[in-house]
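Data block below; observations after.
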Amino acid sequence: MPHTSNNRANRHTERTGHTRHTRERLAAAAMLAPSAIGVVAFMLAPLLAVAALSFTNWNLLTPPTWAGLANYASLASAGFGRSLLVTLAFSAIAIPLAIAAGLGIALLLKRGLPGSRLLQLFYVLPWIAAPLALGVVWQWVLAPSGLLNQATGASYPWLASEWTALPVIAFVYVWQNVGYISLFFLAALRAVPRSVLEAAALDGAGPIRTFFSITLPLIRPTMFFVSVTSLIASLQVFDLVYGLTGGHPGYPGGTTDVVTARIYSEAFVGLNIGRASAMAVVLTLLIVLVTAAQQRYFRSRLTYELEV
Amino acid sequence: MADFSSTLGRGREVAPEGSAGTPSGLGSGVANRGLRASAAGSVRGVGGRGRARVRGAHGQFWSALLTYLVLIAGAALTLAPLIFSLLTSLKTERELALSGPAALPASADLSNYATLFTDHQFIVPIAVTAQVVAVVTLGQMVASVLAAYAFAWLRFPGREALFWLYIATMMIPAVVTMIPLFSGLSALGWRNTFAGLVAPLVLGSPYAIFLLRENFRRVPAEVLDAAKLDGAGPLRTLWSIVLQMNRPILATLFLITVVSQWNNFMWPSVIAPAREWNVMTVATMGLQQQYSSNWTLVMAATTLSILPLIALFLLFNKQIVRSIGISAVR
């Protein structure tokens with residue numbers, strides 16, 4: 001595709017010279033203006049502002065005062081380290097489970113039995129709904145006198161126990177996103193050439209062997225795409241936790257205090273803008289780091305796979 | 001890369017095109033080549049499928065049954081909470097206490113919904129949400145389409161650098177920009193206003209621009225060349241060629257934008273906490289915090305916030321599944 005546009009460029013400069021060029025640049029500037037204003041005013045400027053605010057003390061009411069690195073120094077005592085651990089634990093439970101279940105569902109759906117399309121639709125439905133509303137629904141399911149306990153005759157406080165709260169929230173997260181993830185795997189599985197699978201069968205490979213030595217390597221690009229995007233999304237989980245905990249993330253015992261909830265409450269409940277900004281800066285760096293690491297791995301593998 | 005993914009999206013048709021269009025892993029590349037040369041033709045010719053055929057109809061029946069059982073169990077687990085919340089919203093509190101959540105409601109009792117609209121004026125959050133979604137979706141679609149076309153087909157200095165800057169902003173978590181946005185827009189007096197709700201979102205989205213650019217680039221250059229020679233300017237070309245050829249992805253993006261704006265909670269909860277500017281998510285959360293024991297009422301509110309999107313999704317389902325298939329492999 002780059003070739004064709006180059007040819008086009010040459011042809012046009014030959015024919016019409018520079019006026020065409022200028023006109024095209026003006027058109028580009030006009031077309032980019034709205035989104036560029038948006039990116040600068042609502043993404044880049046706030047990012048710089050948050051970095052600046054992280055060196056101040058500010059409660060939104062009186063003017064900010066310079067604080068140096070004090071906010072960063074206070075992060076550990078403010079429970080930020082624990083929030084990071086909670087978030088990482090959440091991702092560590094949710095992402096492998098979501099990928100394994102998503103791939104499993106895709107493998108079953110791929111068989112194309114009658115009715116597969118309808119089932120696929122059912123799996124995707126929770127992804128459409130607001131995480132916040134789903135959190136409220138699940139809070140009702142998991143309450144001590146809720147649906148689950150009524151059905152099983154128990155009365156276990158799933159969301160109020162330090163041991164089960166985070167894993168249960170991770171399970172609900174997987175429940176919501178697994179259908180969406182399976183769509184990506186289904187698309188990848190459908191792209192695996194049938195001839196390759198037939199060749200494997202001819203060579204005497206069973207279904208398990210075929211899956212691990214042929215299907216899995218072939219869908220690796222999708223595997224990485226899904227894991228990168230899911231990991232980044234899971235580091236920012238907020239609405240679902242907020243809904244499930246009735247707006248009080250952090251209970252019980254701080255075990256559900258994910259990073260975004262910590263920043264949110266530090267800023268808008270505690271009105272400690274400086275420290276919240278320092279947390280926001282650390283979260284941004286963490287996400288950039290994770291993305292860069294995965295992107296590197298992803299890219300090197302991807303080009304490797306595509307060499308034919 | 002772009003051509004490659006579009007062939008993959010079509011699924012099965014890929015196979016005969018051979019290794020040029022398919023991603024071959026190491027070992028399988030060999031298998032692939034060897035097969036196409038010798039085995040594939042002959043196997044298909046005789047109508048056999050190696051050992052798969054040998055296992056016979058019996059094995060296939062049981063494996064199909066097992067597949068169904070697992071899939072249906074999963075689907076039941078997926079749908080159950082949604083169905084039970086819908087059923088609960090149709091019961092009175094007394095009925096819920098007596099019959100439990102799993103029983104069918106004796107009669108579809110709409111009093112919870114009536115209470116939402118009379119006592120809690122839920123028409124307000126529905127109207128506010130609808131307006132926010134309409135304005136933000138329109139703004140994002142227009143701004144993103146224009147930017148994506150410029151990035152895909154216009155030449156200007158710094159194009160690649162600017163595009164990567166846009167992409168990089170996708171990594172900034174919403175909670176990070178929210179603090180300065182809140183203080184900035186509050187200083188402008190935009191707290192509890194419509195402007196405050198839509199301003200940070202209405203001017204396009206880097207994600208949408210990325211998705212659209214990748215799709216716009218697949219329009220053949222020859223077609224655009226021809227339009228140019230006929231004297232069509234960028235806007236004309238964009239409208240009558242590029243957009244017409246990219247309807248499925250536009251439909252998908254429309255749905256994704258509507259869904260994500262309808263579901264947005266964090267920003268509205270901060271910038272517009274006043275009742276007259278509550279969106280659905282904020283109103284639902286407020287109701288839940290106020291009446292956490294009155295589950296029939298709360299489930300009516302969550303059903304109201306979920307059902308319209310599910311209806312919309314069912315309308316758009318085909319396009320979304322198709323375009324996810326295409327963008328997945330990129």
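Please note that chains go A, B, ... in the order of the structure tokens, that every chain numbers its residues from 1, and that ligands are numbered from 1 in the order shown.
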* **Contacts of Ile126 in chain B at 9 Å (only C-alpha atoms; same-chain gap of 4+ positions) as a list in words** =>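 Once the nearby chain positions are removed, what remains is Phe122, Ala130, Gln131, Asn278, Val279, Met280 and Ser305 of chain B.
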* Can you list, as a PyMOL selection string, every protein, DNA or RNA residue that comes within 12 Å of Gly233 in chain B when you count only C-alpha atoms, leaving out same-chain residues fewer than 3 positions away? -> (chain A and resi 20+23-24+26-28) or (chain B and resi 154+224-230+236-241)
* Asked: Quick one: residues within 10 Å of Ile256 in chain B, only C-alpha atoms counted, chain neighbours fewer than 4 positions away excluded, as a PyMOL selection string?
  -> (chain A and resi 128) or (chain B and resi 137+208+250-252+260-262+313+320)
Requested write-out: N, CA, C and O atoms of the selected residues, as a PDB file, in the first residue's frame:
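The result, stored in out_7.pdb:
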```
ATOM      1  N   ILE A 128     -21.990  -5.796  26.933  1.00  0.00           N
ATOM      2  CA  ILE A 128     -22.689  -4.583  26.515  1.00  0.00           C
ATOM      3  C   ILE A 128     -23.115  -3.751  27.720  1.00  0.00           C
ATOM      4  O   ILE A 128     -23.163  -2.537  27.663  1.00  0.00           O
TER       5      ILE A 128
ATOM      6  N   THR B 137     -21.652  11.053  20.782  1.00  0.00           N
ATOM      7  CA  THR B 137     -21.483  10.113  19.677  1.00  0.00           C
ATOM      8  C   THR B 137     -21.353  10.859  18.356  1.00  0.00           C
ATOM      9  O   THR B 137     -20.450  10.567  17.556  1.00  0.00           O
ATOM     10  N   ALA B 208     -11.051   5.519  18.233  1.00  0.00           N
ATOM     11  CA  ALA B 208     -11.881   5.536  17.027  1.00  0.00           C
ATOM     12  C   ALA B 208     -11.046   5.929  15.815  1.00  0.00           C
ATOM     13  O   ALA B 208     -11.177   5.338  14.734  1.00  0.00           O
ATOM     14  N   LEU B 250     -18.161   1.697  10.439  1.00  0.00           N
ATOM     15  CA  LEU B 250     -18.818   2.881  10.992  1.00  0.00           C
ATOM     16  C   LEU B 250     -19.972   2.474  11.893  1.00  0.00           C
ATOM     17  O   LEU B 250     -20.165   3.049  12.971  1.00  0.00           O
ATOM     18  N   ALA B 251     -20.724   1.460  11.469  1.00  0.00           N
ATOM     19  CA  ALA B 251     -21.836   0.977  12.293  1.00  0.00           C
ATOM     20  C   ALA B 251     -21.305   0.424  13.610  1.00  0.00           C
ATOM     21  O   ALA B 251     -21.849   0.695  14.685  1.00  0.00           O
ATOM     22  N   THR B 252     -20.214  -0.348  13.539  1.00  0.00           N
ATOM     23  CA  THR B 252     -19.629  -0.916  14.747  1.00  0.00           C
ATOM     24  C   THR B 252     -19.152   0.175  15.686  1.00  0.00           C
ATOM     25  O   THR B 252     -19.419   0.147  16.890  1.00  0.00           O
ATOM     26  N   SER B 260     -20.340   2.751  25.222  1.00  0.00           N
ATOM     27  CA  SER B 260     -19.385   3.198  26.230  1.00  0.00           C
ATOM     28  C   SER B 260     -19.838   4.529  26.841  1.00  0.00           C
ATOM     29  O   SER B 260     -19.606   4.778  28.026  1.00  0.00           O
ATOM     30  N   GLN B 261     -20.511   5.371  26.061  1.00  0.00           N
ATOM     31  CA  GLN B 261     -20.988   6.632  26.633  1.00  0.00           C
ATOM     32  C   GLN B 261     -22.177   6.404  27.562  1.00  0.00           C
ATOM     33  O   GLN B 261     -22.290   7.026  28.607  1.00  0.00           O
ATOM     34  N   TRP B 262     -23.076   5.521  27.174  1.00  0.00           N
ATOM     35  CA  TRP B 262     -24.232   5.203  28.008  1.00  0.00           C
ATOM     36  C   TRP B 262     -23.763   4.620  29.347  1.00  0.00           C
ATOM     37  O   TRP B 262     -24.350   4.876  30.394  1.00  0.00           O
ATOM     38  N   PHE B 313     -27.797  -3.688  20.699  1.00  0.00           N
ATOM     39  CA  PHE B 313     -26.775  -4.648  20.289  1.00  0.00           C
ATOM     40  C   PHE B 313     -27.374  -5.724  19.388  1.00  0.00           C
ATOM     41  O   PHE B 313     -26.773  -6.123  18.390  1.00  0.00           O
ATOM     42  N   ILE B 320     -21.013  -6.074  14.305  1.00  0.00           N
ATOM     43  CA  ILE B 320     -19.999  -6.035  15.346  1.00  0.00           C
ATOM     44  C   ILE B 320     -19.166  -7.310  15.321  1.00  0.00           C
ATOM     45  O   ILE B 320     -17.938  -7.270  15.356  1.00  0.00           O
TER      46      ILE B 320
END
```
* To do: Write out as a list in words which residues come within 6 Å of range 45-50 of chain A when counting only C-alpha atoms, dropping same-chain ones fewer than 5 positions away.
  => Val40 and Ser277 of chain A; Thr177 and Pro180 of chain B
Deliver the residues from the most recent selection as a file, using C-alpha atoms, as an mmCIF file, in the first residue's frame.
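And here is the file that came out, selection-v9.cif:
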```
data_model
loop_
_atom_site.group_PDB
_atom_site.id
_atom_site.type_symbol
_atom_site.label_atom_id
_atom_site.label_comp_id
_atom_site.auth_asym_id
_atom_site.auth_seq_id
_atom_site.Cartn_x
_atom_site.Cartn_y
_atom_site.Cartn_z
ATOM 1 C CA VAL A 40 -4.217 18.594 23.567
ATOM 2 C CA SER A 277 -1.899 13.134 41.376
ATOM 3 C CA THR B 177 -6.772 13.097 33.435
ATOM 4 C CA PRO B 180 -7.048 18.311 36.323
#
```
* **Neighbour list for Val124 in chain A as a ChimeraX atom specification, cut-off 8 Å, only C-alpha atoms, skip fewer than 2 positions in-chain** => /A:120-122,126-128,177-180
Keeping only N, CA, C and O atoms, write those residues as a PDB file, in the first residue's frame.
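The file below, result.pdb, is the result:
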```
ATOM      1  N   GLN A 120     -23.285 -17.864  21.087  1.00  0.00           N
ATOM      2  CA  GLN A 120     -22.246 -16.844  21.036  1.00  0.00           C
ATOM      3  C   GLN A 120     -22.817 -15.488  21.452  1.00  0.00           C
ATOM      4  O   GLN A 120     -22.212 -14.737  22.216  1.00  0.00           O
ATOM      5  N   LEU A 121     -24.020 -15.188  20.952  1.00  0.00           N
ATOM      6  CA  LEU A 121     -24.700 -13.944  21.291  1.00  0.00           C
ATOM      7  C   LEU A 121     -24.923 -13.836  22.801  1.00  0.00           C
ATOM      8  O   LEU A 121     -24.675 -12.799  23.418  1.00  0.00           O
ATOM      9  N   PHE A 122     -25.360 -14.943  23.423  1.00  0.00           N
ATOM     10  CA  PHE A 122     -25.606 -14.947  24.863  1.00  0.00           C
ATOM     11  C   PHE A 122     -24.329 -14.602  25.630  1.00  0.00           C
ATOM     12  O   PHE A 122     -24.360 -13.836  26.580  1.00  0.00           O
ATOM     13  N   PRO A 126     -23.304  -9.726  28.414  1.00  0.00           N
ATOM     14  CA  PRO A 126     -22.866  -8.951  29.596  1.00  0.00           C
ATOM     15  C   PRO A 126     -21.855  -7.863  29.259  1.00  0.00           C
ATOM     16  O   PRO A 126     -21.781  -6.851  29.955  1.00  0.00           O
ATOM     17  N   TRP A 127     -21.115  -8.056  28.168  1.00  0.00           N
ATOM     18  CA  TRP A 127     -20.098  -7.070  27.795  1.00  0.00           C
ATOM     19  C   TRP A 127     -20.736  -5.732  27.425  1.00  0.00           C
ATOM     20  O   TRP A 127     -20.132  -4.673  27.567  1.00  0.00           O
ATOM     21  N   ILE A 128     -21.990  -5.796  26.933  1.00  0.00           N
ATOM     22  CA  ILE A 128     -22.689  -4.583  26.515  1.00  0.00           C
ATOM     23  C   ILE A 128     -23.115  -3.751  27.720  1.00  0.00           C
ATOM     24  O   ILE A 128     -23.163  -2.537  27.663  1.00  0.00           O
ATOM     25  N   ASN A 177     -16.463 -10.257  30.665  1.00  0.00           N
ATOM     26  CA  ASN A 177     -15.631 -10.026  29.491  1.00  0.00           C
ATOM     27  C   ASN A 177     -15.314 -11.258  28.658  1.00  0.00           C
ATOM     28  O   ASN A 177     -14.780 -11.141  27.562  1.00  0.00           O
ATOM     29  N   VAL A 178     -15.641 -12.443  29.164  1.00  0.00           N
ATOM     30  CA  VAL A 178     -15.182 -13.656  28.496  1.00  0.00           C
ATOM     31  C   VAL A 178     -15.805 -13.818  27.111  1.00  0.00           C
ATOM     32  O   VAL A 178     -15.148 -14.250  26.168  1.00  0.00           O
ATOM     33  N   GLY A 179     -17.058 -13.421  26.950  1.00  0.00           N
ATOM     34  CA  GLY A 179     -17.725 -13.577  25.658  1.00  0.00           C
ATOM     35  C   GLY A 179     -17.079 -12.696  24.597  1.00  0.00           C
ATOM     36  O   GLY A 179     -16.848 -13.124  23.462  1.00  0.00           O
ATOM     37  N   TYR A 180     -16.759 -11.489  25.000  1.00  0.00           N
ATOM     38  CA  TYR A 180     -16.095 -10.544  24.100  1.00  0.00           C
ATOM     39  C   TYR A 180     -14.730 -11.091  23.683  1.00  0.00           C
ATOM     40  O   TYR A 180     -14.376 -11.093  22.503  1.00  0.00           O
TER      41      TYR A 180
END
```
* Identify every residue of chain A that has at least one atom within 7 Å of any atom of chain B, counting only C-alpha atoms, and report the result as a ChimeraX atom specification. => /A:4-5,24-25,28,31-32,34-35,38,42-43,46-47,49-50,108,119,122-123,125,128-130,132-133,137,147,175,184,187-188,190-191,193-196,198-199,201-202,214,217-218,221-222,236,239,246,260,280,284,287-288,305-306,308
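Interatomic distance, CA of Phe316 in chain B to CA of Thr257 in chain B: 12.7 Å.
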* Given the choices A:Leu103, A:Ala233, A:Leu240, A:Ala36, which gets closest to Leu183 in chain A if the distance is worked out from only C-alpha atoms? ->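 Using only C-alpha atoms, Leu183 in chain A sits closest to A:Leu103.
Taking CA of Gly81 in chain A and CA of Met279 in chain A as endpoints, the distance between them is 10.0 Å.
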Could you pull the residues within 9 Å of range 161-168 of chain A, counting only C-alpha atoms, minus those fewer than 3 positions along the same chain, as an mmCIF file with N, CA, C and O atoms, in the first residue's frame?
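And here's result_25.cif as it stands now:
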```cif
data_model
loop_
_atom_site.group_PDB
_atom_site.id
_atom_site.type_symbol
_atom_site.label_atom_id
_atom_site.label_comp_id
_atom_site.auth_asym_id
_atom_site.auth_seq_id
_atom_site.Cartn_x
_atom_site.Cartn_y
_atom_site.Cartn_z
ATOM 1 N N VAL A 86 -3.121 -5.192 45.253
ATOM 2 C CA VAL A 86 -4.494 -5.655 45.037
ATOM 3 C C VAL A 86 -4.806 -5.679 43.537
ATOM 4 O O VAL A 86 -5.357 -6.653 43.007
ATOM 5 N N ALA A 89 -2.912 -8.447 41.850
ATOM 6 C CA ALA A 89 -3.532 -9.725 42.191
ATOM 7 C C ALA A 89 -4.810 -9.929 41.394
ATOM 8 O O ALA A 89 -5.080 -11.023 40.877
ATOM 9 N N PHE A 90 -5.579 -8.851 41.274
ATOM 10 C CA PHE A 90 -6.811 -8.914 40.478
ATOM 11 C C PHE A 90 -6.497 -9.330 39.041
ATOM 12 O O PHE A 90 -7.109 -10.258 38.493
ATOM 13 N N ILE A 93 -5.400 -12.972 38.723
ATOM 14 C CA ILE A 93 -6.488 -13.956 38.757
ATOM 15 C C ILE A 93 -7.326 -13.863 37.487
ATOM 16 O O ILE A 93 -7.644 -14.861 36.841
ATOM 17 N N ALA A 94 -7.678 -12.613 37.109
ATOM 18 C CA ALA A 94 -8.687 -12.438 36.054
ATOM 19 C C ALA A 94 -8.162 -12.754 34.652
ATOM 20 O O ALA A 94 -8.854 -13.428 33.879
ATOM 21 N N TYR A 156 -22.999 -17.375 53.272
ATOM 22 C CA TYR A 156 -21.614 -16.893 53.293
ATOM 23 C C TYR A 156 -21.529 -15.466 52.760
ATOM 24 O O TYR A 156 -22.079 -15.166 51.698
ATOM 25 N N PRO A 157 -20.831 -14.558 53.460
ATOM 26 C CA PRO A 157 -20.717 -13.175 52.985
ATOM 27 C C PRO A 157 -19.611 -13.026 51.935
ATOM 28 O O PRO A 157 -18.513 -12.569 52.242
ATOM 29 N N TRP A 158 -19.922 -13.413 50.689
ATOM 30 C CA TRP A 158 -18.894 -13.486 49.636
ATOM 31 C C TRP A 158 -18.111 -12.196 49.467
ATOM 32 O O TRP A 158 -16.904 -12.219 49.285
ATOM 33 N N PHE A 171 -13.816 -12.928 39.386
ATOM 34 C CA PHE A 171 -14.691 -13.867 38.679
ATOM 35 C C PHE A 171 -15.793 -13.114 37.926
ATOM 36 O O PHE A 171 -16.087 -13.410 36.763
ATOM 37 N N VAL A 172 -16.389 -12.114 38.580
ATOM 38 C CA VAL A 172 -17.446 -11.346 37.912
ATOM 39 C C VAL A 172 -16.868 -10.605 36.704
ATOM 40 O O VAL A 172 -17.506 -10.516 35.650
ATOM 41 N N TYR A 173 -15.649 -10.109 36.845
ATOM 42 C CA TYR A 173 -14.979 -9.428 35.732
ATOM 43 C C TYR A 173 -14.800 -10.386 34.553
ATOM 44 O O TYR A 173 -15.073 -10.044 33.402
ATOM 45 N N TYR A 251 -13.200 -2.184 51.287
ATOM 46 C CA TYR A 251 -13.649 -3.118 52.313
ATOM 47 C C TYR A 251 -13.867 -4.454 51.671
ATOM 48 O O TYR A 251 -14.253 -4.524 50.515
ATOM 49 N N PRO A 252 -13.651 -5.512 52.326
ATOM 50 C CA PRO A 252 -13.154 -5.666 53.680
ATOM 51 C C PRO A 252 -11.625 -5.657 53.739
ATOM 52 O O PRO A 252 -10.976 -6.194 52.855
ATOM 53 N N GLY A 253 -11.115 -5.038 54.773
ATOM 54 C CA GLY A 253 -9.688 -5.074 55.069
ATOM 55 C C GLY A 253 -8.790 -4.570 53.950
ATOM 56 O O GLY A 253 -7.647 -4.966 53.855
ATOM 57 N N GLY A 254 -9.305 -3.675 53.106
ATOM 58 C CA GLY A 254 -8.485 -3.130 52.038
ATOM 59 C C GLY A 254 -8.220 -4.097 50.903
ATOM 60 O O GLY A 254 -7.469 -3.778 49.977
ATOM 61 N N THR A 255 -8.847 -5.278 50.932
ATOM 62 C CA THR A 255 -8.512 -6.298 49.926
ATOM 63 C C THR A 255 -9.125 -6.019 48.560
ATOM 64 O O THR A 255 -8.823 -6.723 47.610
ATOM 65 N N THR A 256 -10.037 -5.046 48.448
ATOM 66 C CA THR A 256 -10.598 -4.737 47.129
ATOM 67 C C THR A 256 -10.259 -3.311 46.706
ATOM 68 O O THR A 256 -10.880 -2.749 45.815
#
```
* Asked: Which residues, written as number ranges by chain, have at least one atom at most 12 Å from Leu231 in chain A, with only C-alpha atoms counted and residues fewer than 6 positions away on the same chain left out?
  -> A: 87-96, 98-99, 223-225, 237, 286-291, 293-294; B: 171
* Asked: What is the CA of Ala276 in chain A-CA of His248 in chain A distance in Å, reported with one decimal?
  ->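 So the two atoms, CA of Ala276 in chain A and CA of His248 in chain A, lie 17.3 Å apart.
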